[in-house]
>>> print(open('upload.tsv').read())   # TSV, C-alpha atoms
chain	number	residue	atom	x	y	z
A	19	MET	CA	0.00	0.00	0.00
A	20	LYS	CA	1.09	3.59	-0.33
A	21	GLN	CA	3.29	4.87	2.45
A	22	VAL	CA	1.51	8.14	3.14
A	23	VAL	CA	-2.17	9.05	2.81
A	24	THR	CA	-2.89	12.66	3.74
A	25	ILE	CA	-5.66	15.17	3.19
A	26	VAL	CA	-5.05	18.57	4.75
A	27	PHE	CA	-6.79	21.79	3.78
A	28	VAL	CA	-6.22	24.36	6.51
A	29	VAL	CA	-3.63	24.64	9.25
A	30	THR	CA	-4.36	27.05	12.08
A	31	THR	CA	-1.46	28.04	14.26
A	32	LEU	CA	-2.41	27.79	17.92
A	33	LEU	CA	-0.54	28.89	21.01
A	34	THR	CA	1.84	26.14	22.05
A	35	CYS	CA	1.80	24.99	25.65
A	36	THR	CA	4.44	26.95	27.52
A	37	LEU	CA	6.78	25.31	29.99
A	38	SER	CA	5.44	27.45	32.82
A	39	ALA	CA	1.85	26.55	31.99
A	40	SER	CA	2.53	22.83	31.72
A	41	GLY	CA	4.38	22.97	35.05
A	42	ASP	CA	1.20	23.91	36.90
A	43	ARG	CA	-0.22	20.47	37.67
A	44	LEU	CA	-3.97	20.01	37.84
A	45	LEU	CA	-4.76	17.46	40.57
A	46	VAL	CA	-8.30	16.06	40.54
A	47	ASP	CA	-9.89	14.18	43.44
A	48	MET	CA	-11.33	10.68	43.15
A	49	THR	CA	-15.08	10.03	43.09
A	50	LEU	CA	-16.21	6.59	44.25
A	51	VAL	CA	-19.32	5.19	42.56
A	52	HIS	CA	-21.30	4.25	45.64
A	53	SER	CA	-24.23	2.95	43.60
A	54	ALA	CA	-22.01	0.41	41.80
A	55	GLY	CA	-22.67	-2.32	44.36
A	56	ALA	CA	-26.30	-2.54	43.28
A	57	LEU	CA	-25.07	-3.49	39.81
A	58	GLY	CA	-22.46	-5.90	41.10
A	59	ALA	CA	-19.81	-3.59	39.65
A	60	TYR	CA	-16.64	-4.23	41.61
A	61	CYS	CA	-12.91	-4.03	41.05
A	62	LEU	CA	-10.93	-7.27	41.10
A	63	ASP	CA	-10.65	-7.17	44.90
A	64	GLY	CA	-14.28	-6.17	45.52
A	65	SER	CA	-13.66	-2.45	46.02
A	66	LEU	CA	-15.93	0.13	44.42
A	67	PRO	CA	-15.02	1.59	41.02
A	68	ALA	CA	-14.06	5.23	40.71
A	69	TYR	CA	-13.40	8.14	38.39
A	70	HIS	CA	-11.99	11.65	38.51
A	71	ILE	CA	-13.99	14.56	37.09
A	72	HIS	CA	-12.99	18.15	36.40
A	73	ARG	CA	-15.96	20.28	35.43
A	74	GLY	CA	-16.17	22.18	32.16
A	75	PHE	CA	-16.87	25.86	31.92
A	76	GLY	CA	-17.91	28.53	29.45
A	77	ALA	CA	-18.54	27.28	25.94
A	78	GLY	CA	-17.43	23.79	26.92
A	79	SER	CA	-19.76	23.28	29.87
A	80	SER	CA	-22.12	21.03	27.89
A	81	ASN	CA	-19.35	18.94	26.31
A	82	TRP	CA	-17.88	15.77	27.79
A	83	LEU	CA	-14.60	13.87	27.38
A	84	LEU	CA	-14.30	10.44	29.01
A	85	GLN	CA	-10.82	8.92	29.19
A	86	PHE	CA	-10.28	5.24	30.02
A	87	GLU	CA	-7.17	4.61	32.10
A	88	GLY	CA	-4.83	1.94	30.75
A	89	GLY	CA	-2.60	-0.61	32.43
A	90	GLY	CA	-2.43	-4.02	30.74
A	91	TRP	CA	-4.53	-7.09	31.51
A	92	CYS	CA	-4.62	-10.24	33.63
A	93	ASN	CA	-5.50	-13.41	31.75
A	94	ASP	CA	-5.25	-16.11	34.42
A	95	ILE	CA	-6.15	-16.51	38.08
A	96	GLU	CA	-2.56	-16.15	39.30
A	97	SER	CA	-1.92	-12.85	37.51
A	98	CYS	CA	-5.35	-11.49	38.48
A	99	ALA	CA	-4.84	-12.43	42.12
A	100	LYS	CA	-1.55	-10.54	42.15
A	101	ARG	CA	-3.13	-7.62	40.34
A	102	ALA	CA	-5.94	-7.43	42.91
A	103	LEU	CA	-3.30	-6.56	45.50
A	104	THR	CA	-2.14	-3.51	43.54
A	105	ARG	CA	-3.58	-0.21	42.35
A	106	ARG	CA	-4.42	-1.97	39.07
A	107	GLY	CA	-6.99	-4.10	40.84
A	108	SER	CA	-8.23	-2.02	43.75
A	109	THR	CA	-9.35	1.57	44.20
A	110	ARG	CA	-8.33	1.21	47.85
A	111	LEU	CA	-4.71	1.20	46.70
A	112	MET	CA	-4.95	3.99	44.12
A	113	ASN	CA	-3.79	7.57	44.55
A	114	LYS	CA	-6.82	9.62	45.42
A	115	LEU	CA	-5.54	12.59	43.40
A	116	GLU	CA	-4.88	12.20	39.68
A	117	THR	CA	-2.88	14.56	37.47
A	118	PHE	CA	-4.82	15.84	34.47
A	119	SER	CA	-2.49	16.73	31.60
A	120	GLY	CA	-2.43	16.48	27.83
A	121	ILE	CA	-5.94	15.85	26.53
A	122	LEU	CA	-7.23	16.25	30.12
A	123	SER	CA	-5.55	19.61	30.79
A	124	ASN	CA	-7.67	22.65	31.70
A	125	ASN	CA	-5.13	25.05	30.20
A	126	ALA	CA	-6.10	26.51	26.81
A	127	SER	CA	-2.47	26.82	25.74
A	128	CYS	CA	-1.85	23.13	26.53
A	129	ASN	CA	-5.14	21.62	25.34
A	130	PRO	CA	-6.70	24.15	22.97
A	131	ASP	CA	-9.82	22.24	21.94
A	132	PHE	CA	-10.90	20.36	25.07
A	133	TYR	CA	-9.57	22.44	27.98
A	134	ASN	CA	-13.02	23.73	29.00
A	135	TRP	CA	-14.95	20.47	28.57
A	136	ASN	CA	-16.13	18.25	31.40
A	137	ARG	CA	-13.19	15.84	31.54
A	138	VAL	CA	-13.44	12.47	33.26
A	139	LYS	CA	-10.79	9.82	33.85
A	140	LEU	CA	-12.20	6.33	34.44
A	141	ARG	CA	-9.93	4.37	36.78
A	142	TYR	CA	-8.94	0.91	35.62
A	143	CYS	CA	-9.28	-1.85	38.21
A	144	ASP	CA	-10.76	-4.88	36.40
A	145	GLY	CA	-7.84	-6.08	34.26
A	146	GLY	CA	-10.06	-6.69	31.22
A	147	SER	CA	-10.36	-3.35	29.41
A	148	PHE	CA	-13.72	-2.62	31.10
A	149	ALA	CA	-15.30	-5.53	29.20
A	150	GLY	CA	-15.61	-8.57	31.49
A	151	ASP	CA	-18.65	-9.93	33.32
A	152	SER	CA	-17.71	-12.91	35.41
A	153	LYS	CA	-16.48	-13.94	38.86
A	154	PHE	CA	-14.06	-16.46	40.33
A	155	ASP	CA	-15.07	-17.69	43.78
A	156	LYS	CA	-13.29	-20.98	44.40
A	157	THR	CA	-9.96	-20.72	46.23
A	158	LEU	CA	-10.36	-16.93	46.45
A	159	LEU	CA	-12.79	-14.27	45.28
A	160	LEU	CA	-12.04	-12.20	42.18
A	161	TYR	CA	-14.50	-9.98	40.36
A	162	PHE	CA	-14.23	-9.64	36.58
A	163	ARG	CA	-16.82	-6.93	36.24
A	164	GLY	CA	-15.36	-4.38	33.82
A	165	GLN	CA	-18.57	-4.16	31.76
A	166	ARG	CA	-20.61	-3.42	34.88
A	167	ILE	CA	-18.02	-0.87	36.03
A	168	TRP	CA	-18.40	0.92	32.70
A	169	GLN	CA	-22.19	0.85	33.08
A	170	ALA	CA	-22.07	2.05	36.70
A	171	ILE	CA	-19.82	5.00	35.89
A	172	ILE	CA	-21.92	6.04	32.90
A	173	GLU	CA	-25.12	5.83	34.92
A	174	ASP	CA	-23.49	7.94	37.63
A	175	LEU	CA	-22.46	10.59	35.11
A	176	LEU	CA	-25.68	10.81	33.09
A	177	PRO	CA	-27.62	12.86	35.69
A	178	LYS	CA	-24.53	15.01	36.27
A	179	GLY	CA	-24.84	16.43	32.77
A	180	LEU	CA	-23.54	13.69	30.47
A	181	GLY	CA	-27.13	12.76	29.62
A	182	SER	CA	-27.68	16.14	27.98
A	183	ALA	CA	-24.26	16.52	26.40
A	184	ASN	CA	-23.91	18.59	23.27
A	185	LYS	CA	-20.62	16.96	22.28
A	186	ALA	CA	-18.96	13.83	23.65
A	187	LEU	CA	-15.61	12.15	23.07
A	188	LEU	CA	-14.75	8.68	24.39
A	189	SER	CA	-11.01	8.19	24.62
A	190	GLY	CA	-8.42	6.03	26.30
A	191	CYS	CA	-4.79	4.96	26.35
A	192	SER	CA	-3.31	1.46	25.94
A	193	ALA	CA	-5.73	-1.06	27.53
A	194	GLY	CA	-7.96	1.99	27.92
A	195	GLY	CA	-7.50	2.74	24.23
A	196	LEU	CA	-8.70	-0.77	23.51
A	197	ALA	CA	-11.70	-0.06	25.77
A	198	SER	CA	-12.57	3.00	23.69
A	199	TYR	CA	-12.80	0.76	20.60
A	200	LEU	CA	-14.80	-1.88	22.46
A	201	HIS	CA	-17.30	0.59	23.96
A	202	CYS	CA	-17.63	3.17	21.20
A	203	ASN	CA	-20.94	1.86	19.84
A	204	ASN	CA	-22.31	1.30	23.33
A	205	PHE	CA	-21.35	4.81	24.42
A	206	SER	CA	-23.41	6.40	21.68
A	207	GLY	CA	-26.40	4.35	22.80
A	208	TYR	CA	-26.42	6.02	26.20
A	209	LEU	CA	-26.62	9.52	24.74
A	210	PRO	CA	-29.33	11.48	22.88
A	211	ASP	CA	-29.36	11.35	19.09
A	212	THR	CA	-28.55	15.07	19.14
A	213	THR	CA	-25.19	14.49	20.86
A	214	ALA	CA	-22.15	14.52	18.58
A	215	VAL	CA	-20.44	11.31	19.70
A	216	LYS	CA	-16.94	10.40	18.56
A	217	CYS	CA	-14.23	8.03	19.80
A	218	LEU	CA	-10.44	8.14	20.04
A	219	GLY	CA	-8.19	5.13	20.56
A	220	ASP	CA	-4.66	6.01	21.74
A	221	ALA	CA	-2.14	3.14	21.58
A	222	GLY	CA	-5.06	0.72	21.71
A	223	PHE	CA	-4.78	-0.79	18.23
A	224	PHE	CA	-3.22	-4.04	19.43
A	225	MET	CA	-2.33	-6.24	16.51
A	226	ASP	CA	-3.17	-9.89	15.95
A	227	SER	CA	0.25	-10.55	14.46
A	228	PRO	CA	2.72	-13.42	14.96
A	229	ASP	CA	5.86	-12.84	16.98
A	230	ILE	CA	9.39	-13.39	15.68
A	231	SER	CA	9.01	-17.15	16.26
A	232	MET	CA	5.76	-17.08	14.19
A	233	ILE	CA	3.59	-17.79	17.25
A	234	HIS	CA	0.47	-15.69	17.88
A	235	THR	CA	1.38	-14.85	21.46
A	236	GLN	CA	-1.01	-11.91	21.81
A	237	ARG	CA	-3.84	-13.90	20.27
A	238	THR	CA	-3.42	-16.55	22.95
A	239	ILE	CA	-3.32	-13.92	25.70
A	240	PHE	CA	-6.49	-12.25	24.45
A	241	GLN	CA	-8.30	-15.57	23.98
A	242	GLN	CA	-7.45	-16.52	27.57
A	243	LEU	CA	-8.54	-13.06	28.74
A	244	VAL	CA	-11.89	-13.28	26.95
A	245	THR	CA	-12.58	-16.75	28.36
A	246	LEU	CA	-11.50	-16.00	31.94
A	247	GLN	CA	-13.32	-12.70	32.29
A	248	GLY	CA	-16.50	-13.57	30.37
A	249	ILE	CA	-15.88	-10.92	27.74
A	250	GLU	CA	-17.26	-12.71	24.67
A	251	ASN	CA	-20.89	-11.83	25.38
A	252	ASN	CA	-19.94	-8.16	25.46
A	253	LEU	CA	-18.09	-8.14	22.14
A	254	ASP	CA	-19.78	-6.65	19.08
A	255	GLU	CA	-22.41	-9.00	17.67
A	256	ASN	CA	-21.86	-8.03	14.04
A	257	CYS	CA	-18.15	-8.68	14.40
A	258	LYS	CA	-18.71	-12.06	16.08
A	259	ASN	CA	-21.06	-13.10	13.28
A	260	SER	CA	-18.44	-12.25	10.66
A	261	ILE	CA	-15.48	-14.22	12.01
A	262	SER	CA	-14.70	-17.88	12.71
A	263	ASP	CA	-13.44	-17.25	16.24
A	264	PRO	CA	-15.68	-14.66	17.98
A	265	LYS	CA	-13.03	-14.09	20.68
A	266	LEU	CA	-10.87	-12.35	18.10
A	267	CYS	CA	-13.35	-9.45	18.01
A	268	ILE	CA	-11.43	-8.04	20.96
A	269	PHE	CA	-8.78	-7.05	18.41
A	270	PRO	CA	-9.52	-3.62	16.89
A	271	GLN	CA	-8.47	-4.75	13.40
A	272	TYR	CA	-11.49	-7.09	13.26
A	273	LEU	CA	-13.86	-4.78	15.13
A	274	LEU	CA	-12.96	-1.64	13.19
A	275	LYS	CA	-15.43	-1.93	10.31
A	276	HIS	CA	-18.30	-2.45	12.77
A	277	ILE	CA	-17.72	0.74	14.78
A	278	THR	CA	-20.42	3.25	13.86
A	279	PRO	CA	-19.47	6.62	15.46
A	280	PRO	CA	-16.63	8.61	13.89
A	281	LEU	CA	-13.28	7.31	15.08
A	282	PHE	CA	-9.73	8.62	15.40
A	283	ILE	CA	-6.87	6.11	15.48
A	284	LEU	CA	-3.81	7.46	17.32
A	285	ASN	CA	-0.97	4.97	17.35
A	286	SER	CA	2.69	4.52	16.71
A	287	ALA	CA	3.59	2.02	14.01
A	288	TYR	CA	6.51	1.09	16.29
A	289	ASP	CA	4.46	1.05	19.48
A	290	VAL	CA	6.80	0.12	22.33
A	291	TYR	CA	4.37	-2.18	24.10
A	292	GLN	CA	3.62	-4.09	20.92
A	293	PHE	CA	7.32	-4.24	20.02
A	294	HIS	CA	8.18	-5.70	23.43
A	295	HIS	CA	5.17	-7.97	23.95
A	296	ILE	CA	3.59	-8.83	20.59
A	297	LEU	CA	6.46	-8.80	18.08
A	298	VAL	CA	9.26	-9.80	20.49
A	299	PRO	CA	7.73	-11.17	23.70
A	300	PRO	CA	10.21	-12.67	26.19
A	301	SER	CA	8.99	-16.17	25.28
A	302	ALA	CA	10.18	-15.65	21.68
A	303	ASP	CA	13.62	-14.35	22.68
A	304	PRO	CA	14.79	-16.49	25.62
A	305	ASP	CA	18.46	-15.74	24.98
A	306	GLY	CA	17.93	-11.97	24.89
A	307	HIS	CA	19.18	-11.31	21.36
A	308	TRP	CA	16.80	-8.34	21.18
A	309	ASN	CA	17.67	-6.79	24.53
A	310	ARG	CA	19.92	-4.04	23.20
A	311	CYS	CA	17.53	-3.27	20.36
A	312	LYS	CA	14.64	-2.99	22.82
A	313	LEU	CA	16.55	-0.38	24.80
A	314	ASN	CA	17.95	1.62	21.91
A	315	PRO	CA	16.72	1.54	18.30
A	316	SER	CA	20.12	2.60	17.03
A	317	ALA	CA	21.48	-0.67	18.42
A	318	CYS	CA	19.12	-2.78	16.32
A	319	SER	CA	20.68	-4.89	13.59
A	320	PRO	CA	19.53	-4.48	9.97
A	321	GLU	CA	17.60	-7.74	10.30
A	322	GLN	CA	15.84	-6.51	13.43
A	323	ILE	CA	14.96	-3.18	11.80
A	324	SER	CA	13.51	-5.09	8.85
A	325	LEU	CA	11.22	-7.04	11.18
A	326	LEU	CA	10.12	-3.81	12.85
A	327	HIS	CA	9.35	-2.31	9.43
A	328	ALA	CA	7.34	-5.43	8.56
A	329	PHE	CA	5.30	-5.03	11.74
A	330	ARG	CA	4.59	-1.43	10.70
A	331	VAL	CA	3.33	-2.68	7.32
A	332	ASP	CA	1.05	-5.16	9.10
A	333	MET	CA	-0.54	-2.30	11.05
A	334	LEU	CA	-0.98	-0.11	7.99
A	335	THR	CA	-2.52	-3.03	6.11
A	336	ALA	CA	-4.98	-3.58	8.98
A	337	VAL	CA	-6.19	0.03	8.74
A	338	LYS	CA	-6.01	0.32	4.94
A	339	SER	CA	-9.75	0.38	4.27
A	340	PHE	CA	-10.26	2.84	7.12
A	341	LEU	CA	-7.54	5.08	5.67
A	342	LEU	CA	-9.16	5.10	2.27
A	343	ASP	CA	-12.68	5.82	3.57
A	344	SER	CA	-12.72	9.53	4.34
A	345	THR	CA	-16.16	9.37	5.97
A	346	ARG	CA	-15.26	7.01	8.83
A	347	GLY	CA	-12.59	8.95	10.68
A	348	ASP	CA	-8.98	10.06	10.77
A	349	VAL	CA	-5.61	8.70	11.85
A	350	PHE	CA	-2.30	9.87	13.26
A	351	ILE	CA	0.14	7.00	12.94
A	352	ASN	CA	3.68	8.12	13.56
A	353	SER	CA	6.96	6.22	13.61
A	354	CYS	CA	8.01	6.99	17.16
A	355	PHE	CA	9.05	4.35	19.67
A	356	ALA	CA	6.35	5.39	22.13
A	357	HIS	CA	3.21	4.14	23.83
A	358	CYS	CA	0.32	6.48	24.69
A	359	GLN	CA	0.67	10.02	23.38
A	360	SER	CA	-2.54	11.82	24.39
A	361	GLU	CA	-2.19	12.01	28.18
A	362	SER	CA	1.42	13.20	28.27
A	363	GLN	CA	1.77	16.93	27.69
A	364	ASP	CA	5.08	16.67	25.86
A	365	THR	CA	3.62	14.41	23.18
A	366	TRP	CA	0.10	15.91	23.07
A	367	PHE	CA	0.83	19.63	22.60
A	368	ALA	CA	4.11	21.29	23.52
A	369	LEU	CA	7.00	23.14	21.92
A	370	ASP	CA	8.77	19.91	20.95
A	371	SER	CA	5.79	17.58	20.44
A	372	PRO	CA	5.87	14.98	17.67
A	373	LEU	CA	4.64	16.40	14.37
A	374	LEU	CA	3.23	15.03	11.16
A	375	LEU	CA	3.00	17.54	8.33
A	376	ASN	CA	3.80	20.27	10.85
A	377	GLU	CA	0.79	19.44	13.05
A	378	THR	CA	0.77	18.15	16.60
A	379	ILE	CA	-1.43	15.32	17.79
A	380	ALA	CA	-3.66	17.81	19.61
A	381	GLU	CA	-4.19	19.88	16.47
A	382	SER	CA	-4.92	16.79	14.39
A	383	VAL	CA	-7.45	15.42	16.88
A	384	GLY	CA	-9.12	18.83	17.19
A	385	ASP	CA	-9.32	19.25	13.42
A	386	TRP	CA	-10.98	15.84	13.19
A	387	TYR	CA	-13.43	16.30	16.03
A	388	PHE	CA	-14.60	19.75	14.97
A	389	ASN	CA	-14.59	18.92	11.25
A	390	ARG	CA	-12.07	21.66	10.48
A	391	ASN	CA	-9.97	19.41	8.27
A	392	VAL	CA	-9.91	15.86	7.01
A	393	SER	CA	-6.46	14.66	7.91
A	394	LYS	CA	-5.19	11.11	7.67
A	395	LYS	CA	-1.54	11.25	8.64
A	396	VAL	CA	0.79	8.28	8.29
A	397	ASP	CA	4.47	8.75	8.99
A	398	CYS	CA	7.36	7.56	6.87
A	399	ARG	CA	9.19	4.62	8.38
A	400	TYR	CA	11.77	4.86	11.15
A	401	PRO	CA	14.18	6.69	11.45
A	402	CYS	CA	12.91	9.50	9.22
A	403	ASP	CA	10.88	11.41	11.85
A	404	THR	CA	13.13	13.78	13.81
A	405	THR	CA	10.27	15.07	16.00
A	406	CYS	CA	9.78	11.77	17.83
A	407	HIS	CA	10.07	11.23	21.57
A	408	ASN	CA	11.54	7.74	21.33
A	409	LEU	CA	10.59	6.32	24.73
A	410	ILE	CA	11.84	2.93	23.71
A	411	GLY	CA	12.70	1.75	27.18
A	412	ALA	CA	9.06	2.03	28.28
A	413	THR	CA	6.84	-1.06	28.50
>>> encode(input="upload.tsv", output="C-alpha cells")
Amino acid sequence: MKQVVTIVFVVTTLLTCTLSASGDRLLVDMTLVHSAGALGAYCLDGSLPAYHIHRGFGAGSSNWLLQFEGGGWCNDIESCAKRALTRRGSTRLMNKLETFSGILSNNASCNPDFYNWNRVKLRYCDGGSFAGDSKFDKTLLLYFRGQRIWQAIIEDLLPKGLGSANKALLSGCSAGGLASYLHCNNFSGYLPDTTAVKCLGDAGFFMDSPDISMIHTQRTIFQQLVTLQGIENNLDENCKNSISDPKLCIFPQYLLKHITPPLFILNSAYDVYQFHHILVPPSADPDGHWNRCKLNPSACSPEQISLLHAFRVDMLTAVKSFLLDSTRGDVFINSCFAHCQSESQDTWFALDSPLLLNETIAESVGDWYFNRNVSKKVDCRYPCDTTCHNLIGAT
C-alpha cells in the first residue's frame, strides 16, 4: 500500500503549551461510585469503582470527554490475584488525586480544543479493558466486572450532565484505548441522538500478528482473557457473526469496520508495548538477542529493523480500508518508539511535540473532532521522523 495518505486543507497556528503553563499540575480528586454495588460492579478485589472529574466551563460546559485509564490485563487466576493486591486491581490502593495533563488539561495553551470540557478519567481496576462480566469464587474471590463498572460509571455521570451533552468524546490509552474501541458503539447508545459522539483510541490498536518465532502470542493472551473474564458476550455481535473465532473481536483490526461513530486512530507504528510484547515477547527471545535493540533503536541490527518495518506494514494493512474511507474517521500513525501520546503533555501539545505535516497530535485530533480538516496522517518509516520522543525503554 502507499506509504503516506494525507488530506489537509487548513492549518491554524495555535498557542503552544508553555513550559510554565505545563508545570502547573492540575490534581483532581477521586469520586467513588457508591451505587455500583447494586449493579455488582466491583474491582478485582471487591472495592468500588471510581473516576476523577474536572468540570467544564464557558462554551465547553455542555461537552464531555471520558478517558479510560490503561494498564495491561490479567488473563489467568494467578496474575489477576496478584493484580488485585495492587492499584491496578483495587481503588483502595490507588492515589486519590490524579494529574490531568495532555488531553485532560484545563489550560487553553496546553489543550486548545478540550480544555473547558467536562473531563473524566475512568480508573482501571478490572484487568479486562472494562469488558468482562464474570467472577471467580473458588480458592479466592475475584471480580471480573469491567462491563458493569463501565455501566455504573456512565449511569453515575448521566444525571450530572452527560445525559444532555452537546458533544462527547470517548477516549483512552493502551488497555484503555482498547476499551474505547470496544465501547464506542455502546457509548453512543447512552446519549441522545442530538449528541455529537466520537471516539479516540490512543495506543489501543493491538495487533493480531505473529511474533518473531511465528507464534500468535497476543492472540493466545487475548483468547485466555476473553474466556476468563467472560468478555465474549460483550463483544460486538456483528463482528462475532463475521469471524470464525468470535473471541478475536477483541482485536480492533477485526472490530474496526463495525464501529459506527466517527473514530480517530492514534498509534505509533513502532508502538513500544507491541514491540516488546507482541512482536518480540520474552517467550520468543529467551536468549535476549533483542535486549539491546529494545533499549535503543540505534542498536538494532539491519535484520531486526527489517522485522520492525514489517510489523509497521502489518498495522498499515490492517487500517487500509479505514484510511481510504474519508467518511469514517482520521488517523495519526507516527513512527516513534512510544506508547500512549494523548495524556502526556510533551507528546500531546508542547513546543517539541511529535509532528506530522507540521501538526501536533492535539491539532490533528481537534481538526478531526470539529470537522475543520480531514487529515489522515501516516508517517514515513523509522528513522525518518526527527520530532519523535523515542521512549523505547518504556513497556
>>> residues_near_point(input="upload.tsv", point="(-12.7, -5.2, 36.7)", cutoff="8 Å", atoms="only C-alpha atoms", output="PDB file with C-alpha atoms, in the coordinates of the input")
ATOM      1  CA  ALA A  59     -19.810  -3.590  39.650  1.00  0.00           C
ATOM      2  CA  TYR A  60     -16.640  -4.230  41.610  1.00  0.00           C
ATOM      3  CA  CYS A  61     -12.910  -4.030  41.050  1.00  0.00           C
ATOM      4  CA  LEU A  62     -10.930  -7.270  41.100  1.00  0.00           C
ATOM      5  CA  GLY A 107      -6.990  -4.100  40.840  1.00  0.00           C
ATOM      6  CA  TYR A 142      -8.940   0.910  35.620  1.00  0.00           C
ATOM      7  CA  CYS A 143      -9.280  -1.850  38.210  1.00  0.00           C
ATOM      8  CA  ASP A 144     -10.760  -4.880  36.400  1.00  0.00           C
ATOM      9  CA  GLY A 145      -7.840  -6.080  34.260  1.00  0.00           C
ATOM     10  CA  GLY A 146     -10.060  -6.690  31.220  1.00  0.00           C
ATOM     11  CA  SER A 147     -10.360  -3.350  29.410  1.00  0.00           C
ATOM     12  CA  PHE A 148     -13.720  -2.620  31.100  1.00  0.00           C
ATOM     13  CA  ALA A 149     -15.300  -5.530  29.200  1.00  0.00           C
ATOM     14  CA  GLY A 150     -15.610  -8.570  31.490  1.00  0.00           C
ATOM     15  CA  TYR A 161     -14.500  -9.980  40.360  1.00  0.00           C
ATOM     16  CA  PHE A 162     -14.230  -9.640  36.580  1.00  0.00           C
ATOM     17  CA  ARG A 163     -16.820  -6.930  36.240  1.00  0.00           C
ATOM     18  CA  GLY A 164     -15.360  -4.380  33.820  1.00  0.00           C
ATOM     19  CA  GLN A 165     -18.570  -4.160  31.760  1.00  0.00           C
ATOM     20  CA  ILE A 167     -18.020  -0.870  36.030  1.00  0.00           C
TER      21      ILE A 167
END
>>> residues_around(input="upload.tsv", residues="A:Thr235", least_positions_apart="5", cutoff="9 Å", atoms="all atoms listed in the file", output="list in words")
Asp226, Ser227, Pro228, Asp229, Phe240, His295, Ile296, Leu297, Pro299, Ser301 and Ala302 of chain A
>>> closest_residue(input="upload.tsv", among="A:Phe355, A:Tyr208, A:Tyr387, A:Phe86", to="A:Leu281", atoms="only C-alpha atoms")
A:Tyr387
>>> closest_atom_pairs(input="upload.tsv", of="stretch 144-251 of chain A", to="stretch 268-272 of chain A", cutoff="10 Å", atoms="all atoms listed in the file", output="Markdown table")
| residue | atom | partner | partner_atom | distance |
| --- | --- | --- | --- | --- |
| A:Ser147 | CA | A:Ile268 | CA | 9.7 |
| A:Ala149 | CA | A:Ile268 | CA | 9.4 |
| A:Gly195 | CA | A:Pro270 | CA | 9.9 |
| A:Leu196 | CA | A:Pro270 | CA | 7.3 |
| A:Ala197 | CA | A:Ile268 | CA | 9.3 |
| A:Ser198 | CA | A:Pro270 | CA | 10.0 |
| A:Tyr199 | CA | A:Pro270 | CA | 6.6 |
| A:Leu200 | CA | A:Ile268 | CA | 7.2 |
| A:Gly219 | CA | A:Pro270 | CA | 9.6 |
| A:Gly222 | CA | A:Pro270 | CA | 7.9 |
| A:Phe223 | CA | A:Pro270 | CA | 5.7 |
| A:Phe224 | CA | A:Phe269 | CA | 6.4 |
| A:Met225 | CA | A:Phe269 | CA | 6.8 |
| A:Asp226 | CA | A:Phe269 | CA | 6.8 |
| A:Gln236 | CA | A:Phe269 | CA | 9.8 |
| A:Arg237 | CA | A:Phe269 | CA | 8.6 |
| A:Phe240 | CA | A:Ile268 | CA | 7.4 |
| A:Gln241 | CA | A:Ile268 | CA | 8.7 |
| A:Leu243 | CA | A:Ile268 | CA | 9.7 |
| A:Val244 | CA | A:Ile268 | CA | 8.0 |
| A:Ile249 | CA | A:Ile268 | CA | 8.6 |
| A:Glu250 | CA | A:Ile268 | CA | 8.3 |
>>> atom_distance(input="upload.tsv", atom1="atom CA of A:Ile283", atom2="atom CA of A:Phe367")
17.1 Å
>>> atom_distance(input="upload.tsv", atom1="atom CA of A:Glu116", atom2="atom CA of A:Asp47")
6.6 Å
>>> atom_distance(input="upload.tsv", atom1="atom CA of A:Arg166", atom2="atom CA of A:Lys178")
18.9 Å
>>> decode(input="upload.tsv", residues="stretch 282-296 of chain A", atoms="C-alpha atoms", output="PDB file, in the first residue's frame")
ATOM      1  CA  PHE A 282      -9.728   8.615  15.401  1.00  0.00           C
ATOM      2  CA  ILE A 283      -6.868   6.112  15.483  1.00  0.00           C
ATOM      3  CA  LEU A 284      -3.813   7.457  17.320  1.00  0.00           C
ATOM      4  CA  ASN A 285      -0.968   4.973  17.352  1.00  0.00           C
ATOM      5  CA  SER A 286       2.692   4.517  16.711  1.00  0.00           C
ATOM      6  CA  ALA A 287       3.585   2.025  14.009  1.00  0.00           C
ATOM      7  CA  TYR A 288       6.508   1.091  16.293  1.00  0.00           C
ATOM      8  CA  ASP A 289       4.456   1.046  19.485  1.00  0.00           C
ATOM      9  CA  VAL A 290       6.802   0.119  22.330  1.00  0.00           C
ATOM     10  CA  TYR A 291       4.370  -2.184  24.101  1.00  0.00           C
ATOM     11  CA  GLN A 292       3.620  -4.087  20.915  1.00  0.00           C
ATOM     12  CA  PHE A 293       7.321  -4.245  20.021  1.00  0.00           C
ATOM     13  CA  HIS A 294       8.184  -5.697  23.434  1.00  0.00           C
ATOM     14  CA  HIS A 295       5.174  -7.973  23.953  1.00  0.00           C
ATOM     15  CA  ILE A 296       3.591  -8.829  20.587  1.00  0.00           C
TER      16      ILE A 296
END
